[in-house]
Amino acid sequence: MFSTRRAVLALPAPIAAASVLGACSGESDPNALTIVTFASPWTEGLKDLVEDYEAAEGVRVRIETYGNEQLNATYRTRLNARSTDFDLMVFQTQDVLRDYSRNLWLADLTERVESDAAWDWEDFQAQARDAVSLDGRVFGVPVMTERHIMYYRSDLLDAAGLDVPQTFTELREAVAALHDPANGVHGIALRGARVPLVTQFSSFLYGFGGDFQDGDGNAAVDTPEAIEAYRFYGDLLHDFGPPGATNMGWVEASAIFAQGGAAFYLDADSQAYTFLDETASAVVDTVAYARFPAGPAGSHPYNIVPAAVGVNAFSEKQDQAWAFLKWATGAENCIRLLAEETAPSARQSSWDDPAAAAAYPAGLVEIIRDVDGDYVGHDRPRLEQVARAREYVGGPAVTAIEGGDVEAAAKDANEDFQTLLDDES
Amino acid sequence: MTYRRTFTDRVDANLKWILTAPAVAFVALLIAFPIGYTLFLSVTDSRGAVTRPYEFIGFGNYAHWLADTERFWPAVGRTAYFTGLALLLELVLGLAIALLLRRTFRGQGLVRVFILLPLVATPVAVGMMWLLVFEPSIGFANTALEALGLPAQGWLADKDTALNTLVFIDVWQWTPMVVLILLAGLGTLPEEPDEAARVDGANAWQRFRHITLPLLAPVITAAAMLRVIDAFKTFDIIYATKGRGGGSNYEAETLNILAYGEAFEYSQYGRASALLMLFFVLIVVVLAALAILRKKGDRS
């Protein structure tokens, strides 16, 4: 009797274990979509859109939001396991498009975007369309755009009787004139940490006539133009930047500008709202915007797509996912998100809508509307292993900021970068 | 009836296996499989996605790391330095604080709670907090130094001081745990030897050196073991304060940070796996050394 009871007690154990493991697989609701995204103005707007979509179509849309850094780690973990539990994915175009499309993680949307004339794929700005295309195939719909601009303190420039710099030379002169660390104002704040700085160094590089790669796609960060650009960028921070610059990404550098600790700050226009937020900014009334200045080769700031939405290639609900995406990125909703959440739309029609554009600071809208302004569609090296390449090409800038031998650092960086490119081809 | 008998007999005979089976399966799935899979990946050139085709390259990835004097060996050095220094400081400070708190005094409970506060803070939040404190131009640390007439420091932002600053943060956060363990240990020590020594005229230092310390040695070793494992795999405070690669000059890149970058930033799964296997071996070696030391200590 005793042993029977023990047998009865023992039997449920493996069954319980099996049912616990079985429960992990989960069931998916055919009328629900999941979108994975990162915190951004567009994501904020998405929350409102989703409610309307649910009411109209009866399809539930669940939003999973991650931090910038966690987003890619999430995709790598889940897509390596061929996860079907999300359908739409917001991805950081420049960093991962090549990688993800070659991993076959992103569904090919070429036919879908071109199939509906009323939805109008051509309305998306040309650089934005290029940014989500690879070898003639489209892998996402751009939902935000971003340009390199110059933020400055109008009060300081006025007090010193300085004009807004139009060229690199004028920028350096103005930065030098306003540099007053004893009174807590540095001439300039820029990203100085090895990897984050690469994108903000890019427009300087283009302004000097260089690029990360030459026409054939080979490494070109040791050209005379590149070395000059590294020196210029490094010297600005070395001579007139805040201490500890090599530890600064955009969060740290923009915080210094927002606290009134720098006269100039050159970075993405998407941060404009950081400086207009009265709870976090001391420069709400004094911040002004200008076009990125011109170097010896002209003014060529980047104009990129920081976020695009793709369809998870493993999703079992790709048609429904596309239907939602098409609706959410239609002209009407893009105007709505620009007006309500100041999400910088990739559609030209959004910016042509005076009411929607009025939500943006006037000085900024003028810069954004000028789409023909010699923009460059990339702000970092173009290859699959972007992360490693950024470490290489960011190195000489760090050397320059620290006052080291830039030429030698550029030669080394170029060699490493070329090895990486060769390895990939 | 015969069948029933045989069945229950079998269950009875194998009861220990049946009852432990779920736990064993659980452990196998959650521990053995990842280690086995990592080992498998470490001999392939897998990258991009593990679903992409890959080739077996034998010990190529291991050779790559062992020959890498730019990132791997400095990272090994930093990991050892960080762990060693943090452990030493935490044990010395922890022991000192535990000895102070051992005596009963007014407000004892309050002081103990206060000291334990860092322990309950989330490491990433701790990292962000110290990042603000050590911010070179507006941070509290430099403001305080300047008020005292001392030169401002680069702290986390300076490649020469970043690692030491991180050791400081680790010490700040984890010394309380050492205190906690040692206080518990001190509470169990017999009082007679101490009293006897006191009667024989031993001073405070002599009593500490020849009585408290030897009696407390096993507890100290246990605390050291726990801290070594934790310090070795420190990731959060370093990543939160220095970001990927441990800074612009890789100044705070430990093995864990290097492995994370290799896997989640470079997507080099083969190489990252080989690195983790090397890291695993290193931890086993260190723990084995500690265990041997402990045995020797027990025997003497």
# chains A, B, ... in the order shown; residues from 1 in each chain; ligands from 1
call {"tool": "select_by_dssp", "arguments": {"residues": "segment 89-313 of chain A", "states": "strand (DSSP E or B)", "output": "count of residues only"}}
result
57
call {"tool": "interface_residues", "arguments": {"of": "chain B", "to": "chain A", "cutoff": "10 Å", "atoms": "only C-alpha atoms", "output": "PyMOL selection string"}}
result
chain B and resi 4-5+7-23+25-26+47-52+132+135-138+152-159+241-250+260-268
call {"tool": "write_last_selection", "arguments": {"atoms": "C-alpha atoms", "output": "PDB file, in the first residue's frame"}}
result
ATOM      1  CA  ARG B   4       0.543  -4.241 -10.483  1.00  0.00           C
ATOM      2  CA  ARG B   5       3.056  -5.665  -8.111  1.00  0.00           C
ATOM      3  CA  PHE B   7       4.983  -1.952 -11.653  1.00  0.00           C
ATOM      4  CA  THR B   8       4.894  -0.605  -8.116  1.00  0.00           C
ATOM      5  CA  ASP B   9       8.051  -2.558  -7.311  1.00  0.00           C
ATOM      6  CA  ARG B  10       9.788  -0.945 -10.231  1.00  0.00           C
ATOM      7  CA  VAL B  11       8.609   2.486  -9.250  1.00  0.00           C
ATOM      8  CA  ASP B  12       9.736   1.783  -5.745  1.00  0.00           C
ATOM      9  CA  ALA B  13      13.171   0.561  -6.794  1.00  0.00           C
ATOM     10  CA  ASN B  14      13.757   3.559  -9.028  1.00  0.00           C
ATOM     11  CA  LEU B  15      12.009   6.129  -6.893  1.00  0.00           C
ATOM     12  CA  LYS B  16      15.105   8.290  -6.476  1.00  0.00           C
ATOM     13  CA  TRP B  17      15.501   8.529 -10.272  1.00  0.00           C
ATOM     14  CA  ILE B  18      11.850   9.237 -10.919  1.00  0.00           C
ATOM     15  CA  LEU B  19      11.634  11.952  -8.299  1.00  0.00           C
ATOM     16  CA  THR B  20      14.780  13.664  -9.455  1.00  0.00           C
ATOM     17  CA  ALA B  21      14.040  13.291 -13.184  1.00  0.00           C
ATOM     18  CA  PRO B  22      12.238  16.632 -13.636  1.00  0.00           C
ATOM     19  CA  ALA B  23      14.995  18.501 -11.840  1.00  0.00           C
ATOM     20  CA  ALA B  25      15.859  17.407 -17.099  1.00  0.00           C
ATOM     21  CA  PHE B  26      15.514  21.044 -16.113  1.00  0.00           C
ATOM     22  CA  ARG B  47      28.363  34.599 -37.924  1.00  0.00           C
ATOM     23  CA  GLY B  48      25.527  36.923 -38.852  1.00  0.00           C
ATOM     24  CA  ALA B  49      22.835  34.441 -37.893  1.00  0.00           C
ATOM     25  CA  VAL B  50      23.195  30.927 -36.541  1.00  0.00           C
ATOM     26  CA  THR B  51      20.719  29.903 -39.244  1.00  0.00           C
ATOM     27  CA  ARG B  52      23.220  30.846 -41.948  1.00  0.00           C
ATOM     28  CA  LEU B 132      26.538  61.642 -12.948  1.00  0.00           C
ATOM     29  CA  GLU B 135      30.810  63.713 -14.726  1.00  0.00           C
ATOM     30  CA  PRO B 136      33.982  65.789 -15.248  1.00  0.00           C
ATOM     31  CA  SER B 137      32.463  69.265 -15.697  1.00  0.00           C
ATOM     32  CA  ILE B 138      29.240  69.275 -13.675  1.00  0.00           C
ATOM     33  CA  ALA B 152      39.718  67.968 -11.018  1.00  0.00           C
ATOM     34  CA  GLN B 153      39.958  64.366 -12.245  1.00  0.00           C
ATOM     35  CA  GLY B 154      38.722  62.623 -15.363  1.00  0.00           C
ATOM     36  CA  TRP B 155      37.270  59.718 -13.365  1.00  0.00           C
ATOM     37  CA  LEU B 156      35.270  57.437 -15.676  1.00  0.00           C
ATOM     38  CA  ALA B 157      35.924  59.641 -18.687  1.00  0.00           C
ATOM     39  CA  ASP B 158      39.713  59.398 -18.483  1.00  0.00           C
ATOM     40  CA  LYS B 159      41.246  56.281 -19.977  1.00  0.00           C
ATOM     41  CA  THR B 241      29.119  53.657 -17.654  1.00  0.00           C
ATOM     42  CA  LYS B 242      31.518  52.921 -20.496  1.00  0.00           C
ATOM     43  CA  GLY B 243      29.293  51.491 -23.215  1.00  0.00           C
ATOM     44  CA  ARG B 244      30.373  49.050 -25.843  1.00  0.00           C
ATOM     45  CA  GLY B 245      34.027  48.093 -26.003  1.00  0.00           C
ATOM     46  CA  GLY B 246      34.579  49.526 -22.526  1.00  0.00           C
ATOM     47  CA  GLY B 247      35.319  53.041 -23.782  1.00  0.00           C
ATOM     48  CA  SER B 248      36.988  54.849 -26.657  1.00  0.00           C
ATOM     49  CA  ASN B 249      40.358  53.214 -25.968  1.00  0.00           C
ATOM     50  CA  TYR B 250      38.893  49.919 -24.704  1.00  0.00           C
ATOM     51  CA  TYR B 260      29.136  40.622 -25.460  1.00  0.00           C
ATOM     52  CA  GLY B 261      30.429  42.880 -28.228  1.00  0.00           C
ATOM     53  CA  GLU B 262      31.638  39.938 -30.265  1.00  0.00           C
ATOM     54  CA  ALA B 263      28.254  38.234 -30.049  1.00  0.00           C
ATOM     55  CA  PHE B 264      25.686  41.015 -30.000  1.00  0.00           C
ATOM     56  CA  GLU B 265      27.445  43.836 -31.809  1.00  0.00           C
ATOM     57  CA  TYR B 266      29.653  41.989 -34.290  1.00  0.00           C
ATOM     58  CA  SER B 267      27.418  38.867 -34.571  1.00  0.00           C
ATOM     59  CA  GLN B 268      30.505  36.653 -34.623  1.00  0.00           C
TER      60      GLN B 268
END
call {"tool": "residues_around", "arguments": {"residues": "segment 125-133 of chain A", "least_positions_apart": "3", "cutoff": "8 Å", "atoms": "only C-alpha atoms", "output": "PyMOL selection string"}}
result
chain A and resi 93-94+97+122+136-142+145+303-305+308+346-348+377-378
call {"tool": "write_last_selection", "arguments": {"atoms": "C-alpha atoms", "output": "CSV table (one decimal), in the first residue's frame"}}
result
chain,number,residue,atom,x,y,z
A,93,THR,CA,18.3,51.0,-41.0
A,94,GLN,CA,21.9,52.0,-41.3
A,97,LEU,CA,19.7,46.5,-43.0
A,122,GLU,CA,7.2,57.7,-54.7
A,136,GLY,CA,17.1,46.8,-55.8
A,137,ARG,CA,14.9,45.1,-53.2
A,138,VAL,CA,12.9,47.0,-50.6
A,139,PHE,CA,13.0,45.7,-47.0
A,140,GLY,CA,11.1,48.3,-45.0
A,141,VAL,CA,9.1,51.4,-44.9
A,142,PRO,CA,11.0,54.5,-43.6
A,145,THR,CA,14.3,60.9,-41.2
A,303,ASN,CA,20.2,62.9,-44.3
A,304,ILE,CA,19.3,59.4,-43.2
A,305,VAL,CA,16.5,57.1,-42.1
A,308,ALA,CA,12.2,51.8,-40.8
A,346,ALA,CA,9.9,60.5,-44.6
A,347,ARG,CA,7.0,61.6,-46.9
A,348,GLN,CA,7.4,64.8,-48.8
A,377,GLY,CA,22.2,59.4,-47.7
A,378,HIS,CA,24.6,57.6,-45.3
